[in-house]
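The next block is data-v3.cif, given as mmCIF, C-alpha atoms and all ligand atoms.
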```cif
data_my_file
loop_
_atom_site.label_atom_id
_atom_site.label_comp_id
_atom_site.auth_asym_id
_atom_site.auth_seq_id
_atom_site.Cartn_x
_atom_site.Cartn_y
_atom_site.Cartn_z
CA MET A 1 23.82 -7.08 14.99
CA ASN A 2 21.77 -6.92 11.79
CA GLU A 3 21.64 -3.46 10.29
CA PHE A 4 19.49 -1.91 7.63
CA GLU A 5 18.91 1.55 6.28
CA ILE A 6 15.72 3.51 7.08
CA LYS A 7 15.14 6.02 4.29
CA GLY A 8 12.12 7.82 5.86
CA TRP A 9 10.66 8.96 2.53
CA CYS A 10 8.65 7.39 -0.26
CA PRO A 11 9.67 7.50 -3.90
CA GLY A 12 7.64 9.33 -6.49
CA ALA A 13 7.82 9.65 -10.25
CA LEU A 14 9.67 12.98 -10.12
CA ARG A 15 11.77 11.89 -7.15
CA PRO A 16 12.52 8.19 -7.75
CA MET A 17 14.54 6.00 -5.40
CA MET A 18 17.59 4.01 -6.44
CA SER A 19 17.36 0.29 -5.72
CA GLY A 20 19.44 -2.74 -6.55
CA ASP A 21 17.79 -3.17 -9.95
CA GLY A 22 17.65 0.48 -11.03
CA LEU A 23 15.27 3.31 -10.16
CA VAL A 24 11.94 2.70 -8.44
CA VAL A 25 9.48 5.14 -10.03
CA ARG A 26 6.22 5.46 -8.12
CA VAL A 27 3.13 6.55 -10.02
CA ARG A 28 0.31 7.98 -7.88
CA PRO A 29 -2.94 7.78 -9.86
CA ARG A 30 -5.47 10.37 -8.73
CA ALA A 31 -8.07 8.82 -6.39
CA GLY A 32 -6.45 5.47 -7.19
CA ARG A 33 -8.12 5.39 -10.63
CA LEU A 34 -6.65 4.44 -13.97
CA SER A 35 -8.46 4.49 -17.27
CA MET A 36 -7.79 1.57 -19.59
CA ALA A 37 -5.58 3.85 -21.73
CA GLN A 38 -3.54 4.96 -18.69
CA ALA A 39 -3.08 1.38 -17.46
CA LEU A 40 -2.00 0.22 -20.92
CA GLY A 41 0.37 3.18 -21.13
CA ILE A 42 1.97 2.34 -17.78
CA ALA A 43 2.38 -1.30 -18.79
CA GLN A 44 4.12 -0.25 -22.02
CA ALA A 45 6.31 2.27 -20.18
CA ALA A 46 7.34 -0.40 -17.63
CA ARG A 47 8.56 -2.54 -20.55
CA ASP A 48 10.17 0.31 -22.48
CA TYR A 49 11.99 2.07 -19.64
CA GLY A 50 12.21 -0.47 -16.81
CA SER A 51 12.51 -4.15 -16.12
CA GLY A 52 8.80 -4.74 -16.76
CA SER A 53 8.22 -5.48 -13.08
CA ILE A 54 5.47 -3.44 -11.39
CA ASP A 55 4.59 -3.34 -7.69
CA LEU A 56 1.25 -2.32 -6.21
CA SER A 57 2.13 -0.48 -3.00
CA SER A 58 0.34 -0.56 0.34
CA ARG A 59 -0.85 2.99 -0.43
CA ALA A 60 -2.45 1.95 -3.70
CA ASN A 61 0.25 3.32 -5.97
CA LEU A 62 2.14 1.58 -8.78
CA GLN A 63 5.92 1.30 -8.77
CA LEU A 64 7.85 0.69 -11.96
CA ARG A 65 11.05 -1.14 -11.09
CA GLY A 66 14.41 -1.37 -12.78
CA VAL A 67 14.19 1.98 -14.57
CA ASP A 68 17.42 3.06 -16.24
CA PRO A 69 18.45 6.44 -14.71
CA ASP A 70 19.52 7.65 -18.16
CA ARG A 71 15.97 7.11 -19.47
CA HIS A 72 14.08 8.53 -16.49
CA ALA A 73 13.45 11.86 -18.24
CA ASP A 74 11.90 10.06 -21.24
CA LEU A 75 9.68 8.04 -18.91
CA LEU A 76 8.47 11.27 -17.30
CA LEU A 77 7.38 12.58 -20.70
CA VAL A 78 5.27 9.45 -21.18
CA LEU A 79 3.73 9.71 -17.70
CA ASP A 80 2.97 13.38 -18.32
CA ARG A 81 1.19 12.55 -21.58
CA LEU A 82 -0.88 10.02 -19.61
CA GLY A 83 -1.88 12.73 -17.11
CA LEU A 84 -0.08 11.01 -14.25
CA LEU A 85 2.50 13.61 -13.29
CA ASP A 86 2.47 16.39 -10.69
CA ALA A 87 3.84 19.89 -11.16
CA ASP A 88 6.89 19.27 -8.95
CA PRO A 89 8.31 16.74 -6.46
CA VAL A 90 6.92 18.62 -3.44
CA ALA A 91 3.36 18.55 -4.78
CA GLU A 92 3.81 14.88 -5.65
CA ALA A 93 5.02 13.97 -2.15
CA ARG A 94 2.16 15.85 -0.50
CA ARG A 95 -0.51 14.02 -2.50
CA ASN A 96 -0.72 11.13 -0.10
CA ILE A 97 -4.38 10.15 -0.32
CA VAL A 98 -5.87 6.63 -0.29
CA VAL A 99 -9.44 6.32 -1.58
CA THR A 100 -11.83 3.40 -1.11
CA PRO A 101 -12.20 1.59 -4.45
CA PHE A 102 -15.87 0.73 -3.75
CA TRP A 103 -17.76 3.82 -4.81
CA SER A 104 -20.45 4.20 -7.45
CA GLU A 105 -20.69 6.85 -10.14
CA PRO A 106 -20.77 9.82 -9.96
CA GLY A 107 -18.82 9.25 -6.74
CA LEU A 108 -18.39 11.53 -3.77
CA GLU A 109 -15.00 10.01 -2.97
CA PRO A 110 -13.02 11.12 -6.07
CA TRP A 111 -14.58 14.54 -5.72
CA ILE A 112 -13.39 14.82 -2.09
CA ALA A 113 -9.95 13.47 -3.07
CA ALA A 114 -9.65 16.16 -5.76
CA ALA A 115 -10.67 18.85 -3.26
CA LEU A 116 -8.05 17.52 -0.84
CA GLU A 117 -5.38 17.65 -3.54
CA THR A 118 -6.20 21.27 -4.29
CA ALA A 119 -6.19 22.15 -0.60
CA LEU A 120 -2.87 20.36 0.01
CA ALA A 121 -1.30 22.32 -2.83
CA SER A 122 -2.64 25.69 -1.70
CA TYR A 123 -2.08 25.31 2.07
CA ALA A 124 1.49 24.00 1.48
CA LEU A 125 1.76 22.67 5.03
CA PRO A 126 5.14 21.18 6.02
CA LEU A 127 3.70 17.71 6.68
CA PRO A 128 5.98 14.72 7.33
CA GLY A 129 6.73 12.48 4.36
CA LYS A 130 4.46 9.62 5.35
CA PHE A 131 1.54 11.76 6.63
CA GLY A 132 -1.55 10.68 4.73
CA PHE A 133 -5.30 10.90 4.26
CA ALA A 134 -7.96 8.19 3.82
CA VAL A 135 -11.21 8.88 1.97
CA ASP A 136 -13.49 6.06 3.03
CA CYS A 137 -17.09 7.26 2.73
CA GLY A 138 -19.00 4.01 2.09
CA SER A 139 -21.65 2.48 4.36
CA GLU A 140 -18.86 0.40 5.94
CA ARG A 141 -15.26 1.46 6.55
CA VAL A 142 -12.91 -0.53 4.34
CA LEU A 143 -9.66 1.41 4.92
CA HIS A 144 -9.59 0.91 8.70
CA SER A 145 -6.38 -1.16 8.57
CA VAL A 146 -4.66 1.13 6.07
CA PRO A 147 -2.26 3.65 7.65
CA ALA A 148 -3.61 7.21 7.43
CA ASP A 149 -3.46 10.24 9.71
CA ILE A 150 -6.71 11.96 8.83
CA ARG A 151 -9.79 9.99 7.83
CA ILE A 152 -12.90 11.18 6.05
CA GLU A 153 -15.60 8.58 6.60
CA ARG A 154 -19.19 8.16 7.76
CA SER A 155 -20.71 8.03 11.20
CA ALA A 156 -23.25 5.39 12.21
CA ASP A 157 -26.11 7.71 11.16
CA GLY A 158 -24.69 7.95 7.62
CA LYS A 159 -23.37 11.51 7.86
CA LEU A 160 -19.87 12.48 6.81
CA ILE A 161 -17.20 12.94 9.49
CA VAL A 162 -13.53 13.87 9.60
CA ARG A 163 -11.56 11.97 12.23
CA PRO A 164 -7.94 12.20 13.31
CA ASP A 165 -6.38 8.74 13.37
CA GLY A 166 -6.14 7.48 16.95
CA SER A 167 -9.27 9.33 18.07
CA ALA A 168 -12.44 7.29 18.62
CA TYR A 169 -14.65 10.18 17.48
CA GLY A 170 -15.01 12.32 14.41
CA LEU A 171 -16.51 15.72 13.64
CA HIS A 172 -19.66 15.96 11.49
CA ILE A 173 -19.05 17.87 8.26
CA GLU A 174 -20.79 18.61 4.97
CA PRO A 175 -19.10 17.19 1.84
CA SER A 176 -18.12 20.71 0.77
CA GLU A 177 -16.30 21.18 4.09
CA ALA A 178 -14.29 17.92 3.97
CA ALA A 179 -11.04 19.28 2.53
CA THR A 180 -11.05 22.41 4.70
CA ALA A 181 -11.76 20.39 7.85
CA ALA A 182 -8.96 17.93 6.99
CA MET A 183 -6.56 20.83 6.46
CA ALA A 184 -7.57 22.35 9.81
CA LEU A 185 -6.67 19.06 11.50
CA ALA A 186 -3.36 18.86 9.62
CA HIS A 187 -2.56 22.44 10.59
CA TRP A 188 -3.37 21.70 14.26
CA PHE A 189 -1.11 18.62 14.07
CA ILE A 190 1.85 20.78 13.06
CA GLN A 191 1.06 23.66 15.43
CA SER A 192 0.64 21.34 18.44
CA GLY A 193 4.00 19.62 17.88
CA GLY A 194 2.85 16.44 16.16
CA VAL A 195 5.94 16.24 13.98
CA LYS A 196 8.13 16.02 17.07
CA HIS A 197 5.91 14.55 19.83
CA GLY A 198 3.92 12.22 17.58
CA ARG A 199 7.01 11.24 15.59
CA GLY A 200 5.18 12.49 12.53
CA ARG A 201 2.04 10.36 12.94
CA MET A 202 -1.37 11.52 14.14
CA ALA A 203 -2.26 8.41 16.19
CA ALA A 204 0.96 8.66 18.22
CA HIS A 205 0.34 12.38 18.73
CA ILE A 206 -3.21 11.77 20.00
CA ALA A 207 -1.95 8.91 22.19
CA SER A 208 0.56 11.27 23.80
CA GLY A 209 -2.40 12.96 25.50
CA VAL A 210 -2.56 16.20 23.55
CA ALA A 211 -6.12 17.62 23.44
CA LEU A 212 -7.87 18.67 20.25
CA PRO A 213 -9.32 22.18 20.24
CA ALA A 214 -13.12 22.34 20.67
CA SER A 215 -13.60 23.44 17.05
CA LEU A 216 -12.05 20.16 15.77
CA CYS A 217 -13.42 17.87 18.44
CA GLY A 218 -16.39 15.74 17.37
CA SER A 219 -18.57 13.22 19.15
CA ALA A 220 -19.57 10.94 16.26
CA LEU A 221 -18.43 7.34 16.26
CA PRO A 222 -17.44 6.04 12.82
CA VAL A 223 -19.57 3.41 11.12
CA GLU A 224 -18.62 -0.26 11.55
CA ALA A 225 -15.53 -1.63 9.81
CA ALA A 226 -16.09 -4.07 6.95
CA PRO A 227 -14.56 -7.57 6.96
CA VAL A 228 -11.30 -8.05 5.09
CA ALA A 229 -11.78 -8.18 1.30
CA PHE A 230 -10.60 -11.17 -0.75
CA PRO A 231 -10.08 -11.70 -4.48
CA GLY A 232 -13.13 -12.73 -6.47
CA LEU A 233 -16.41 -11.24 -7.58
CA VAL A 234 -17.76 -8.70 -5.08
CA ARG A 235 -20.64 -6.25 -5.10
CA GLY A 236 -20.02 -3.81 -7.94
CA GLY A 237 -17.18 -5.62 -9.68
CA ALA A 238 -14.20 -7.96 -9.43
CA LEU A 239 -11.11 -7.95 -7.20
CA ALA A 240 -8.01 -9.34 -8.90
CA GLY A 241 -5.30 -10.41 -6.42
CA LEU A 242 -1.54 -10.13 -6.97
CA ALA A 243 0.92 -12.32 -5.08
CA PHE A 244 3.21 -10.04 -3.04
CA GLY A 245 1.55 -7.07 -4.76
CA SER A 246 3.79 -7.66 -7.74
CA MET A 247 3.07 -8.27 -11.42
CA HIS A 248 4.68 -8.15 -14.81
CA ALA A 249 3.73 -5.43 -17.28
CA GLY A 250 1.97 -8.06 -19.40
CA THR A 251 -0.36 -8.84 -16.50
CA LEU A 252 -1.30 -5.19 -16.07
CA ASP A 253 -1.89 -4.99 -19.79
CA GLN A 254 -4.29 -7.93 -19.67
CA ILE A 255 -6.09 -6.75 -16.54
CA ALA A 256 -6.57 -3.37 -18.20
CA ARG A 257 -8.21 -4.99 -21.21
CA HIS A 258 -10.65 -6.78 -18.90
CA GLY A 259 -12.36 -3.57 -17.72
CA GLN A 260 -12.84 0.05 -18.72
CA GLU A 261 -11.36 1.33 -15.47
CA LEU A 262 -8.98 0.06 -12.81
CA ARG A 263 -9.08 1.12 -9.19
CA LEU A 264 -5.97 0.38 -7.19
CA THR A 265 -6.40 -0.88 -3.65
CA PRO A 266 -3.96 -0.96 -0.71
CA TRP A 267 -4.58 -4.72 -0.30
CA ARG A 268 -2.52 -6.20 -3.18
CA MET A 269 -5.67 -6.27 -5.33
CA ILE A 270 -7.00 -4.31 -8.29
CA PHE A 271 -10.72 -3.57 -8.37
CA LEU A 272 -12.46 -3.70 -11.74
CA PRO A 273 -15.79 -1.88 -11.37
CA SER A 274 -18.84 -3.18 -13.25
CA VAL A 275 -17.03 -6.38 -14.27
CA SER A 276 -18.92 -9.62 -13.73
CA THR A 277 -16.25 -12.19 -14.68
CA MET A 278 -12.84 -12.70 -13.14
CA PRO A 279 -9.80 -12.19 -15.38
CA VAL A 280 -8.21 -15.62 -15.76
CA LEU A 281 -4.50 -14.89 -15.92
CA GLN A 282 -1.48 -16.83 -14.81
CA ASP A 283 -0.31 -14.29 -12.18
CA VAL A 284 -3.70 -13.21 -10.89
CA ILE A 285 -5.19 -14.68 -7.73
CA VAL A 286 -8.92 -15.20 -8.20
CA ASP A 287 -9.70 -17.41 -5.22
CA GLY A 288 -9.88 -16.02 -1.69
CA ARG A 289 -8.60 -19.36 -0.33
CA ASP A 290 -5.29 -19.18 -2.21
CA PRO A 291 -2.51 -19.67 0.42
CA LEU A 292 -0.41 -17.00 -1.33
CA LEU A 293 -2.78 -14.47 0.20
CA ARG A 294 -1.39 -15.42 3.60
CA VAL A 295 2.23 -15.02 2.48
CA GLN A 296 4.19 -11.76 2.50
CA ALA A 297 7.58 -11.39 0.89
CA CYS A 298 9.53 -8.22 0.19
CA THR A 299 11.54 -7.51 -2.96
CA GLY A 300 14.64 -9.12 -1.42
CA SER A 301 17.91 -9.69 -3.20
CA PRO A 302 19.10 -8.83 -5.81
CA SER A 303 16.54 -6.09 -6.54
CA CYS A 304 16.87 -4.53 -3.08
CA PRO A 305 20.46 -3.62 -2.20
CA GLN A 306 19.81 -4.39 1.48
CA GLY A 307 18.50 -7.88 0.75
CA ARG A 308 20.58 -10.78 2.02
CA ALA A 309 18.77 -13.44 -0.01
CA GLU A 310 16.15 -14.02 -2.67
CA THR A 311 12.70 -14.03 -1.05
CA ARG A 312 9.76 -14.42 -3.42
CA ARG A 313 10.74 -17.65 -5.14
CA LEU A 314 11.25 -19.24 -1.72
CA ALA A 315 7.95 -17.80 -0.45
CA ARG A 316 6.05 -19.25 -3.43
CA LYS A 317 7.53 -22.70 -2.80
CA LEU A 318 6.77 -22.61 0.91
CA ALA A 319 3.21 -21.32 0.34
CA ARG A 320 2.18 -24.75 -0.98
CA HIS A 321 2.85 -26.23 2.45
CA LEU A 322 1.40 -23.49 4.61
CA PRO A 323 -1.19 -24.91 7.03
CA ASP A 324 -4.70 -23.41 7.00
CA ALA A 325 -4.95 -20.14 8.93
CA ALA A 326 -1.16 -19.85 9.28
CA SER A 327 0.70 -16.87 7.82
CA LEU A 328 4.23 -16.60 6.50
CA HIS A 329 6.53 -13.62 6.07
CA VAL A 330 9.81 -13.97 4.17
CA SER A 331 11.98 -10.89 4.61
CA GLY A 332 15.23 -10.05 2.85
CA CYS A 333 16.55 -8.28 5.96
CA PRO A 334 15.34 -7.35 9.48
CA LYS A 335 13.68 -4.16 8.23
CA GLY A 336 10.61 -6.27 7.41
CA CYS A 337 9.20 -3.93 4.73
CA ALA A 338 6.54 -6.38 3.56
CA CYS A 339 4.80 -6.89 6.88
CA ALA A 340 4.85 -4.93 10.14
CA ARG A 341 2.41 -7.29 11.87
CA PRO A 342 3.41 -10.59 13.51
CA ALA A 343 3.14 -13.68 11.28
CA THR A 344 2.89 -17.30 12.34
CA VAL A 345 6.32 -17.86 10.81
CA THR A 346 8.75 -15.11 9.84
CA LEU A 347 11.96 -15.92 7.99
CA VAL A 348 14.59 -13.20 7.92
CA ALA A 349 17.58 -13.46 5.59
CA THR A 350 20.98 -12.82 7.18
CA PRO A 351 24.51 -13.26 5.83
CA ASP A 352 24.51 -16.70 7.49
CA GLY A 353 21.15 -18.05 6.32
CA PHE A 354 17.60 -17.45 7.53
CA ASP A 355 16.51 -16.56 11.05
CA TYR A 356 13.30 -18.33 12.13
CA ILE A 357 10.79 -16.35 14.24
CA ARG A 358 7.52 -17.79 15.49
CA ASN A 359 4.48 -15.51 16.08
CA GLY A 360 6.54 -12.37 15.70
CA THR A 361 7.85 -9.77 13.32
CA ALA A 362 11.13 -9.51 11.44
CA ALA A 363 12.51 -7.40 14.28
CA ASP A 364 11.81 -10.02 16.98
CA LYS A 365 14.24 -12.49 18.48
CA ALA A 366 14.81 -15.61 16.42
CA MET A 367 14.21 -19.13 17.77
CA LEU A 368 16.59 -20.59 15.20
CA THR A 369 19.29 -19.03 13.07
CA GLY A 370 21.38 -19.91 10.03
CA ILE A 371 18.82 -22.09 8.20
CA SER A 372 19.53 -22.47 4.49
CA ALA A 373 16.86 -21.91 1.83
CA ALA A 374 17.40 -25.49 0.69
CA ASP A 375 16.71 -26.81 4.18
CA LEU A 376 13.57 -24.69 4.48
CA GLU A 377 12.28 -26.09 1.20
CA LYS A 378 13.21 -29.67 2.02
CA HIS A 379 11.62 -29.58 5.48
CA SER A 380 8.92 -26.99 4.77
CA ALA A 381 6.14 -28.97 6.45
CA TYR A 382 8.24 -29.23 9.60
CA TYR A 383 9.11 -25.53 9.77
CA LEU A 384 5.70 -24.24 8.77
CA ALA A 385 3.71 -26.54 11.05
CA GLY A 386 5.52 -25.05 14.00
CA HIS A 387 7.50 -28.01 15.25
CA ALA A 388 10.74 -26.09 15.01
S1 LIG B 401 12.95 -5.86 4.08
FE1 LIG B 401 13.33 -6.51 1.98
S2 LIG B 401 12.75 -4.78 0.69
FE2 LIG B 401 12.95 -4.02 2.82
S3 LIG B 401 15.06 -3.27 2.93
FE3 LIG B 401 15.09 -5.38 3.64
S4 LIG B 401 15.52 -6.61 1.81
FE4 LIG B 401 14.92 -4.58 1.12
#
```

Kindly present the structure from the file in structure tokens form.
Ligand code: SF4
Amino acid sequence: MNEFEIKGWCPGALRPMMSGDGLVVRVRPRAGRLSMAQALGIAQAARDYGSGSIDLSSRANLQLRGVDPDRHADLLLVLDRLGLLDADPVAEARRNIVVTPFWSEPGLEPWIAAALETALASYALPLPGKFGFAVDCGSERVLHSVPADIRIERSADGKLIVRPDGSAYGLHIEPSEAATAAMALAHWFIQSGGVKHGRGRMAAHIASGVALPASLCGSALPVEAAPVAFPGLVRGGALAGLAFGSMHAGTLDQIARHGQELRLTPWRMIFLPSVSTMPVLQDVIVDGRDPLLRVQACTGSPSCPQGRAETRRLARKLARHLPDAASLHVSGCPKGCACARPATVTLVATPDGFDYIRNGTAADKAMLTGISAADLEKHSAYYLAGHA
């Protein structure tokens, strides 16, 4: 049987995680925003203290990889000077807030995110490690596919609502009430046994049949969800795509110089507000038809100690042969970190070669086993077209 380790917590800057290539140090920019100076500072720090490799996480955070444990303290001083550090690891872990990148100045969303941060710090609720909040107050919901337990969004009539994930309806609130209402929901989650019965997630807790109290129960349907965003010029700015959500420090440096502000997204893209030209850089995806957008690949070996094979180089090679509308997931082990959803083709590295799974996830039963990377490359059209 394939085995892998489930850690159950996310790294931070103050509480980094050891990986195969050194420490993973996760920086959580407030409201997902970075000034040009902060982005340039992170890029320099990634080169000075790490391997220079930076990941954009599915919660819109940046992870510096390959950080030398002996230099972690020096890196923290740099991050503190950039205004990117929390008071302590507990406060850092609690600040689990994803914000839509598509807001206009002065911006209700960063204001609500800041109020949520303050409330999270002062309420000090014992929330599970992955419990999170989505602030998604535009005229369409853009964070609907992003995991979150409590959502602040709009109803069809344009008013603000707070909605527990898994519930069809939200409660109307005023902007000044958003943080308090979200905390009331979080408090109810803990009091009603959500950590145990919902396995730490709001949607599972709601699905278990537990009833919300009348004071938290709304009747407002959320506004329609927006279509999936792709790299390119969009209303209000430019979306720069990153294959596998990964980039080199030099790429971040150049993206930063292309705009005054960067907004991190949970979709492997960086939004550059008020920019009217795409940054033309080697690693940046600028075309929504690029097949790499349909390919997921985790860190893999050697950077991840659980990885059984290199993943991203293989994924890039196979992407060239991926049929239209097909998706590919290359996973370094059955944990499947890069993609929880089924893909047309999933390749899972094992000690004996790759497992081949069709229309499934990395945890599903393989149709074929023990395929070498060389064979996959040589017969990529065959494997990816689904004749296997
Ligand atoms: S799926 Fe990839 S990144 Fe996740 S544990 Fe396995 S090898 Fe590591």

Residue nearest ligand LIG 401 (chain B) - candidates A:Pro16, A:Asp55, A:Cys217, A:Ala249, atoms counted: all atoms listed in the file: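 Of A:Pro16, A:Asp55, A:Cys217, A:Ala249, the one nearest ligand LIG 401 (chain B) is A:Asp55, counting all atoms listed in the file.
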
Exercise: Cys339 of chain A partners within 9 Å, only C-alpha atoms, chain neighbours under 3 positions left out, as a VMD selection string: chain A and resid 296 to 298 329 331 336 342 to 343 361 to 362

Close residues to ligand LIG 401 (chain B) using all atoms listed in the file, limit 9 Å, as a PyMOL selection string: chain A and resi 4-6+19+297-311+330-339+348-349+362

Point (1.0, -15.0, 5.0) neighbourhood (8 Å, all atoms listed in the file) written as a ChimeraX atom specification: /A:291-296,326-329,343-344

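As for atom CA of Arg71 of chain A and atom CA of Met18 of chain A, they are spaced 13.5 Å apart.
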
Counting all atoms listed in the file, the option among A:Asp68, A:Leu347, A:Ser215, A:Phe271 closest to Met367 of chain A: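 Looking only at the distances to Met367 of chain A, the closest residue turns out to be A:Leu347.
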
Between atom CA of Asp86 of chain A and atom CA of Leu14 of chain A - distance in Å to one decimal: 8.0 Å

Best match for closeness to Arg263 of chain A among A:Lys130, A:Arg95, A:Arg28, A:Arg341, counting all atoms listed in the file: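 With all atoms listed in the file as the atom set, the closest residue is A:Arg28.
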
Segment 41-54 of chain A environment, 9 Å, only C-alpha atoms, sequence neighbours closer than 3 positions dropped, as a ChimeraX atom specification: /A:21-24,27,36-38,62-68,71-72,74-75,78-79,82,245-253

Within 12 Å of His187 of chain A using all atoms listed in the file, minus same-chain residues under 2 positions, as a list in words: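 Here the qualifying residues turn out to be Ala119, Leu120, Tyr123, Ala124, Leu125, Pro126, Leu127, Pro128, Ile150, Pro164, Thr180, Ala181, Ala182, Met183, Ala184, Leu185, Phe189, Ile190, Gln191, Ser192, Gly193, Gly194, Val195, Met202, Leu212, Pro213 and Leu216 of chain A.
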
Counting only C-alpha atoms, the option among A:Ala238, A:Ala93, A:Ala87, A:Val228 closest to Pro11 of chain A: A:Ala93
